[in-house]
>>> print(open('model_4.cif').read())   # mmCIF, C-alpha atoms
data_protein
#
loop_
_atom_site.label_atom_id
_atom_site.label_comp_id
_atom_site.auth_asym_id
_atom_site.auth_seq_id
_atom_site.Cartn_x
_atom_site.Cartn_y
_atom_site.Cartn_z
CA MET A 1 8.14 -4.15 -11.80
CA ALA A 2 8.92 -2.06 -8.77
CA SER A 3 10.65 -3.77 -5.87
CA SER A 4 8.80 -4.25 -2.61
CA ALA A 5 9.23 -1.52 -0.05
CA ILE A 6 9.94 -3.93 2.78
CA PRO A 7 11.55 -7.37 2.76
CA LEU A 8 9.24 -10.20 1.80
CA GLU A 9 9.30 -11.75 5.23
CA ARG A 10 6.69 -13.16 7.57
CA LEU A 11 4.51 -10.39 8.93
CA GLY A 12 1.68 -12.25 10.65
CA GLY A 13 -0.48 -10.18 12.96
CA HIS A 14 1.65 -7.07 12.43
CA ALA A 15 -0.08 -6.64 9.07
CA PHE A 16 -3.55 -6.65 10.60
CA ASN A 17 -4.99 -3.63 12.36
CA HIS A 18 -7.38 -5.74 14.44
CA ARG A 19 -7.47 -8.93 16.47
CA THR A 20 -7.61 -11.82 14.04
CA SER A 21 -7.35 -15.59 13.83
CA VAL A 22 -4.20 -17.59 13.32
CA GLU A 23 -5.69 -18.93 10.09
CA LEU A 24 -5.96 -15.45 8.59
CA GLU A 25 -2.41 -14.57 9.58
CA GLU A 26 -1.12 -17.83 8.13
CA GLU A 27 -2.93 -17.25 4.84
CA TYR A 28 -1.47 -13.77 4.50
CA ASP A 29 2.01 -15.08 5.32
CA ARG A 30 1.57 -17.96 2.89
CA LEU A 31 0.83 -15.63 -0.01
CA ARG A 32 3.75 -13.33 0.78
CA ASP A 33 6.07 -16.34 1.23
CA LEU A 34 5.00 -17.72 -2.15
CA ALA A 35 5.79 -14.34 -3.70
CA ARG A 36 9.20 -14.35 -2.02
CA ALA A 37 9.95 -17.82 -3.36
CA GLU A 38 9.04 -16.72 -6.89
CA ALA A 39 11.24 -13.65 -6.49
CA GLU A 40 14.21 -15.84 -5.59
CA LYS A 41 13.57 -18.10 -8.59
CA LYS A 42 13.24 -15.04 -10.83
CA LYS A 43 16.57 -13.66 -9.64
CA SER A 44 18.29 -17.01 -10.17
CA CYS A 45 16.99 -17.24 -13.73
CA PHE A 46 17.98 -13.70 -14.62
CA ASP A 47 21.44 -14.15 -13.10
CA ARG A 48 21.99 -17.35 -15.09
CA ALA A 49 20.64 -15.67 -18.21
CA HIS A 50 23.28 -12.94 -17.88
CA GLN A 51 25.96 -15.57 -17.45
CA ALA A 52 24.78 -17.49 -20.51
CA TYR A 53 24.72 -14.31 -22.58
CA ALA A 54 28.23 -13.42 -21.43
CA ARG A 55 29.59 -16.74 -22.65
CA GLY A 56 27.84 -16.35 -25.99
CA ASP A 57 24.96 -18.80 -25.51
CA GLY A 58 22.10 -16.65 -26.75
CA ALA A 59 19.55 -19.45 -26.90
CA GLU A 60 20.11 -20.46 -23.27
CA ALA A 61 20.06 -16.82 -22.19
CA LYS A 62 16.69 -16.27 -23.87
CA ALA A 63 15.21 -19.43 -22.38
CA LEU A 64 16.34 -18.48 -18.88
CA SER A 65 15.09 -14.93 -19.34
CA ASN A 66 11.65 -16.19 -20.36
CA GLU A 67 11.59 -18.53 -17.37
CA GLY A 68 12.51 -15.61 -15.13
CA LYS A 69 9.63 -13.58 -16.54
CA ARG A 70 7.22 -16.41 -15.73
CA HIS A 71 8.42 -16.39 -12.12
CA GLN A 72 8.09 -12.60 -12.10
CA ALA A 73 4.46 -12.89 -13.19
CA LYS A 74 3.77 -15.45 -10.46
CA GLN A 75 5.45 -13.18 -7.89
CA ALA A 76 3.20 -10.30 -8.94
CA GLU A 77 0.09 -12.48 -8.77
CA TYR A 78 0.85 -13.75 -5.24
CA ASN A 79 1.61 -10.24 -4.02
CA LYS A 80 -1.59 -8.98 -5.62
CA ARG A 81 -3.60 -11.67 -3.85
CA ALA A 82 -1.90 -10.90 -0.53
CA ALA A 83 -2.52 -7.17 -0.90
CA GLU A 84 -6.20 -7.64 -1.76
CA PHE A 85 -6.57 -10.10 1.13
CA ILE A 86 -5.09 -7.82 3.80
CA PHE A 87 -6.85 -4.74 2.42
CA ARG A 88 -10.25 -6.40 2.58
CA GLU A 89 -9.62 -7.68 6.10
CA ASN A 90 -8.48 -4.32 7.46
CA ASN A 91 -11.20 -2.35 5.67
CA ALA A 92 -14.13 -4.70 6.20
CA MET A 93 -17.46 -3.13 7.08
CA GLY A 94 -17.56 -2.35 10.79
CA ARG A 95 -13.78 -2.05 11.15
CA VAL A 96 -13.30 1.45 9.73
CA ALA A 97 -15.57 4.43 9.16
CA GLU A 98 -16.79 5.22 5.65
CA ASP A 99 -14.42 8.18 5.41
CA THR A 100 -11.38 6.10 6.39
CA ILE A 101 -8.97 3.79 4.56
CA ASP A 102 -6.50 1.50 6.34
CA LEU A 103 -3.21 0.76 4.54
CA HIS A 104 -1.72 -1.64 7.11
CA GLY A 105 0.04 -4.68 5.65
CA LEU A 106 0.54 -3.24 2.16
CA PHE A 107 3.84 -2.63 0.45
CA VAL A 108 4.48 1.02 -0.36
CA GLU A 109 3.71 0.76 -4.07
CA GLU A 110 0.54 -1.22 -3.35
CA ALA A 111 -0.61 1.34 -0.78
CA GLU A 112 0.03 4.23 -3.16
CA ASP A 113 -1.98 2.76 -6.03
CA ILE A 114 -4.90 1.71 -3.83
CA LEU A 115 -5.00 5.09 -2.11
CA GLU A 116 -4.94 7.02 -5.39
CA ALA A 117 -7.85 4.93 -6.67
CA ARG A 118 -9.76 5.57 -3.45
CA ILE A 119 -9.06 9.32 -3.58
CA ARG A 120 -10.28 9.63 -7.15
CA ASP A 121 -13.39 7.61 -6.37
CA ALA A 122 -14.10 9.74 -3.28
CA GLN A 123 -13.67 12.94 -5.26
CA ALA A 124 -16.05 11.66 -7.93
CA ARG A 125 -18.63 11.15 -5.17
CA SER A 126 -17.91 14.63 -3.71
CA GLN A 127 -16.60 13.18 -0.45
CA PRO A 128 -15.06 16.13 1.42
CA HIS A 129 -12.19 14.38 3.18
CA LEU A 130 -10.47 11.08 3.86
CA HIS A 131 -8.71 9.71 6.94
CA VAL A 132 -5.75 7.53 5.88
CA ILE A 133 -4.41 5.05 8.44
CA VAL A 134 -0.70 4.65 7.71
CA GLY A 135 0.56 3.18 10.99
CA LYS A 136 3.42 4.41 13.12
CA GLY A 137 6.11 2.26 11.51
CA ASN A 138 6.71 0.19 14.63
CA HIS A 139 7.13 -2.96 12.53
CA SER A 140 8.94 -1.42 9.56
CA THR A 141 12.55 -2.28 8.88
CA GLY A 142 14.67 -0.16 11.22
CA GLY A 143 11.51 1.45 12.57
CA VAL A 144 11.46 3.83 9.60
CA ARG A 145 8.00 4.65 8.29
CA LYS A 146 7.71 4.18 4.54
CA ILE A 147 4.00 4.40 3.74
CA LYS A 148 3.42 7.77 5.46
CA PRO A 149 6.01 9.67 3.37
CA ARG A 150 4.64 8.15 0.17
CA VAL A 151 1.07 9.11 1.12
CA GLU A 152 2.23 12.68 1.75
CA GLN A 153 4.06 12.69 -1.58
CA LEU A 154 0.95 11.46 -3.38
CA CYS A 155 -1.13 14.20 -1.77
CA ARG A 156 1.34 16.84 -2.97
CA GLU A 157 1.31 15.41 -6.48
CA LEU A 158 -2.50 15.50 -6.53
CA GLY A 159 -2.55 19.04 -5.14
CA LEU A 160 -4.31 18.03 -1.93
CA GLU A 161 -3.76 19.52 1.50
CA TYR A 162 -3.20 17.11 4.35
CA ALA A 163 -2.34 17.08 8.03
CA THR A 164 -0.91 14.49 10.39
CA GLU A 165 -3.45 13.67 13.06
CA GLU A 166 -2.67 13.64 16.76
CA ASN A 167 -1.87 9.93 17.02
CA GLU A 168 0.62 10.28 14.12
CA GLY A 169 -0.55 7.00 12.63
CA ARG A 170 -3.22 8.65 10.54
CA ILE A 171 -3.35 11.44 7.98
CA TYR A 172 -6.30 13.74 7.29
CA VAL A 173 -6.64 14.54 3.58
CA ASP A 174 -8.89 17.34 2.34
CA LEU A 175 -10.50 16.39 -0.98
CA GLY A 176 -12.35 19.61 -1.70
CA GLY A 177 -9.48 21.99 -2.37
CA ASN A 178 -9.88 23.70 1.00
CA ARG A 179 -7.17 25.06 3.24
CA ILE A 180 -6.74 23.21 6.52
CA GLY A 181 -6.92 26.03 9.03
CA ALA A 182 -9.14 24.49 11.68
CA PRO A 183 -9.60 20.99 13.06
CA PRO A 184 -11.40 18.84 10.47
CA PRO A 185 -14.52 16.80 11.26
CA LEU A 186 -13.71 13.99 13.66
CA PRO A 187 -14.14 10.55 12.08
CA GLU A 188 -17.05 8.53 13.37
CA GLN A 189 -15.93 5.08 14.46
CA PRO A 190 -17.85 1.91 13.62
CA ASP A 191 -19.16 1.77 17.22
CA GLY A 192 -20.79 5.17 16.78
CA HIS A 193 -18.24 7.11 18.83
CA GLN A 194 -15.98 9.82 17.52
CA SER A 195 -12.22 9.84 17.61
CA HIS A 196 -10.55 12.49 19.72
CA SER A 197 -7.53 12.90 17.50
CA ARG A 198 -7.03 16.25 15.82
CA PRO A 199 -4.71 17.25 12.96
CA GLN A 200 -1.44 19.01 13.53
CA ARG A 201 1.00 20.84 11.31
CA PRO A 202 -1.07 21.55 8.17
CA HIS A 203 0.84 21.13 4.93
CA ARG A 204 0.42 23.22 1.80
CA PRO A 205 0.43 21.39 -1.54
CA ARG A 206 3.53 21.76 -3.68
CA PRO A 207 3.44 22.21 -7.47
CA GLN A 208 2.45 19.00 -9.17
CA ARG A 209 5.39 16.94 -10.38
CA PRO A 210 5.43 14.94 -13.61
CA GLN A 211 4.14 11.44 -12.97
CA GLU A 212 6.57 8.59 -13.39
CA PRO A 213 5.59 5.83 -15.83
CA GLU A 214 3.41 3.21 -14.20
CA ASP A 215 4.86 -0.23 -13.58
CA ASP A 216 3.39 -3.25 -15.31
CA GLY A 217 1.90 -6.10 -13.37
CA ILE A 218 0.43 -5.78 -9.89
CA PHE A 219 0.95 -2.06 -9.39
CA GLY A 220 -0.47 -1.09 -12.75
CA CYS A 221 -3.65 -3.12 -12.25
CA PHE A 222 -4.50 -1.97 -8.74
CA LYS A 223 -6.09 1.25 -9.96
CA ALA A 224 -8.47 -0.70 -12.13
CA CYS A 225 -9.34 -3.59 -9.83
CA CYS A 226 -8.78 -2.59 -6.21
CA LEU A 227 -11.71 -2.84 -3.88
CA VAL A 228 -13.01 0.64 -3.06
CA MET A 229 -14.43 0.38 0.41
#
>>> encode(input="model_4.cif", output="structure tokens")
Amino acid sequence: MASSAIPLERLGGHAFNHRTSVELEEEYDRLRDLARAEAEKKKSCFDRAHQAYARGDGAEAKALSNEGKRHQAKQAEYNKRAAEFIFRENNAMGRVAEDTIDLHGLFVEEAEDILEARIRDAQARSQPHLHVIVGKGNHSTGGVRKIKPRVEQLCRELGLEYATEENEGRIYVDLGGNRIGAPPPLPEQPDGHQSHSRPQRPHRPRPQRPQEPEDDGIFGCFKACCLVM
């Protein structure tokens, strides 16, 4: 299972892209904290399993390894629940336009799998473009954005052209195989107004790279079960 892109620490309101209640923030934090606790138990079991194997106690090593795998499965389940929870909250009807997806609060691997599922669904419905809210990385470790580069990488792998929009916290993705030579349609906001951001620095797709094997657990199942808004 892939490691999380950011430390499993309390995120609270930083994970939400709208004003929300304390109860919602606490529920999101609770799920991520439970995942962190399972990750610590998993690591302890695997470390002890290695020690048991090194001293020649194969039976103890196997038992500890199996226990570690159970904690790993629980970690994946809590992270899956947290990711689905924050995704639904940030992408609820009335919070984003139909041609927009908000990836706030997701770990990088979660965001990548959900976005790929959304892109493929949008293409199947002949949707011409997608606005991807990636955030500006203000709350990322060290202030380094992690989701934006992965979104750009995914676009290149899928052969899609994209452009960073004016506010830099959102990416315009063309889904119809067109070149981005002029400002794309402005996204209509839930209140009926249009955004005034425009794309900058169009990017040309690079040759598609071989896909890496998918991880088991949470990241492998997102493509099949994520909520397509």
>>> residues_around(input="model_4.cif", residues="Ser126 of chain A", least_positions_apart="5", cutoff="12 Å", atoms="only C-alpha atoms", output="list in words")
Asp99, Ile119, Arg120, Asp121, Asp174, Leu175, Gly176 and Gly177 of chain A
>>> write_last_selection(input="model_4.cif", atoms="C-alpha atoms", output="PDB file, in the coordinates of the input")
ATOM      1  CA  ASP A  99     -14.420   8.180   5.410  1.00  0.00           C
ATOM      2  CA  ILE A 119      -9.060   9.320  -3.580  1.00  0.00           C
ATOM      3  CA  ARG A 120     -10.280   9.630  -7.150  1.00  0.00           C
ATOM      4  CA  ASP A 121     -13.390   7.610  -6.370  1.00  0.00           C
ATOM      5  CA  ASP A 174      -8.890  17.340   2.340  1.00  0.00           C
ATOM      6  CA  LEU A 175     -10.500  16.390  -0.980  1.00  0.00           C
ATOM      7  CA  GLY A 176     -12.350  19.610  -1.700  1.00  0.00           C
ATOM      8  CA  GLY A 177      -9.480  21.990  -2.370  1.00  0.00           C
TER       9      GLY A 177
END
>>> atom_distance(input="model_4.cif", atom1="atom CA of Ile180 of chain A", atom2="atom CA of Gly105 of chain A")
28.7 Å
>>> closest_residue(input="model_4.cif", among="A:His71, A:Arg48, A:Arg32, A:Arg55", to="Ala83 of chain A", atoms="all atoms listed in the file")
A:Arg32
>>> closest_residue(input="model_4.cif", among="A:Ala61, A:Ala122, A:Leu24, A:Arg179", to="Arg88 of chain A", atoms="only C-alpha atoms")
A:Leu24
>>> residues_around(input="model_4.cif", residues="Val173 of chain A", least_positions_apart="5", cutoff="6 Å", atoms="all atoms listed in the file", output="list in words")
His129, Leu130 and Tyr162 of chain A
>>> resolve_selection(input="model_4.cif", expression="the PyMOL selection byres ((chain A and resi 34) around 12)", output="mmCIF file with C-alpha atoms, in the frame of the given file")
data_model
loop_
_atom_site.group_PDB
_atom_site.id
_atom_site.type_symbol
_atom_site.label_atom_id
_atom_site.label_comp_id
_atom_site.auth_asym_id
_atom_site.auth_seq_id
_atom_site.Cartn_x
_atom_site.Cartn_y
_atom_site.Cartn_z
ATOM 1 C CA LEU A 8 9.240 -10.200 1.800
ATOM 2 C CA GLU A 9 9.300 -11.750 5.230
ATOM 3 C CA ARG A 10 6.690 -13.160 7.570
ATOM 4 C CA GLU A 26 -1.120 -17.830 8.130
ATOM 5 C CA GLU A 27 -2.930 -17.250 4.840
ATOM 6 C CA TYR A 28 -1.470 -13.770 4.500
ATOM 7 C CA ASP A 29 2.010 -15.080 5.320
ATOM 8 C CA ARG A 30 1.570 -17.960 2.890
ATOM 9 C CA LEU A 31 0.830 -15.630 -0.010
ATOM 10 C CA ARG A 32 3.750 -13.330 0.780
ATOM 11 C CA ASP A 33 6.070 -16.340 1.230
ATOM 12 C CA ALA A 35 5.790 -14.340 -3.700
ATOM 13 C CA ARG A 36 9.200 -14.350 -2.020
ATOM 14 C CA ALA A 37 9.950 -17.820 -3.360
ATOM 15 C CA GLU A 38 9.040 -16.720 -6.890
ATOM 16 C CA ALA A 39 11.240 -13.650 -6.490
ATOM 17 C CA GLU A 40 14.210 -15.840 -5.590
ATOM 18 C CA LYS A 41 13.570 -18.100 -8.590
ATOM 19 C CA HIS A 71 8.420 -16.390 -12.120
ATOM 20 C CA GLN A 72 8.090 -12.600 -12.100
ATOM 21 C CA LYS A 74 3.770 -15.450 -10.460
ATOM 22 C CA GLN A 75 5.450 -13.180 -7.890
ATOM 23 C CA ALA A 76 3.200 -10.300 -8.940
ATOM 24 C CA GLU A 77 0.090 -12.480 -8.770
ATOM 25 C CA TYR A 78 0.850 -13.750 -5.240
ATOM 26 C CA ASN A 79 1.610 -10.240 -4.020
ATOM 27 C CA LYS A 80 -1.590 -8.980 -5.620
ATOM 28 C CA ARG A 81 -3.600 -11.670 -3.850
ATOM 29 C CA ALA A 82 -1.900 -10.900 -0.530
#
>>> closest_residue(input="model_4.cif", among="A:Gln153, A:Ser44, A:Asn90, A:Asn178", to="Ala15 of chain A", atoms="all atoms listed in the file")
A:Asn90
>>> atom_distance(input="model_4.cif", atom1="atom CA of His50 of chain A", atom2="atom CA of Leu64 of chain A")
8.9 Å
>>> resolve_selection(input="model_4.cif", expression="the PyMOL selection byres ((chain A and resi 106) around 10)", output="compact mmCIF listing (two decimals) with C-alpha atoms, in the frame of the given file")
# COMPACT_ATOMS: atom_id res chain seq x y z
CA SER A 4 8.80 -4.25 -2.61
CA ALA A 5 9.23 -1.52 -0.05
CA ILE A 6 9.94 -3.93 2.78
CA ALA A 15 -0.08 -6.64 9.07
CA PHE A 16 -3.55 -6.65 10.60
CA ASN A 79 1.61 -10.24 -4.02
CA LYS A 80 -1.59 -8.98 -5.62
CA ALA A 82 -1.90 -10.90 -0.53
CA ALA A 83 -2.52 -7.17 -0.90
CA GLU A 84 -6.20 -7.64 -1.76
CA PHE A 85 -6.57 -10.10 1.13
CA ILE A 86 -5.09 -7.82 3.80
CA PHE A 87 -6.85 -4.74 2.42
CA ASP A 102 -6.50 1.50 6.34
CA LEU A 103 -3.21 0.76 4.54
CA HIS A 104 -1.72 -1.64 7.11
CA GLY A 105 0.04 -4.68 5.65
CA PHE A 107 3.84 -2.63 0.45
CA VAL A 108 4.48 1.02 -0.36
CA GLU A 109 3.71 0.76 -4.07
CA GLU A 110 0.54 -1.22 -3.35
CA ALA A 111 -0.61 1.34 -0.78
CA GLU A 112 0.03 4.23 -3.16
CA ILE A 114 -4.90 1.71 -3.83
CA VAL A 134 -0.70 4.65 7.71
CA ILE A 147 4.00 4.40 3.74
>>> atom_distance(input="model_4.cif", atom1="atom CA of Ala52 of chain A", atom2="atom CA of Glu67 of chain A")
13.6 Å
>>> closest_residue(input="model_4.cif", among="A:Ile101, A:Leu158, A:Ile133, A:Met93", to="Arg118 of chain A", atoms="only C-alpha atoms")
A:Ile101
>>> closest_residue(input="model_4.cif", among="A:Val132, A:Ala63, A:Ala54, A:Cys45", to="Glu116 of chain A", atoms="only C-alpha atoms")
A:Val132
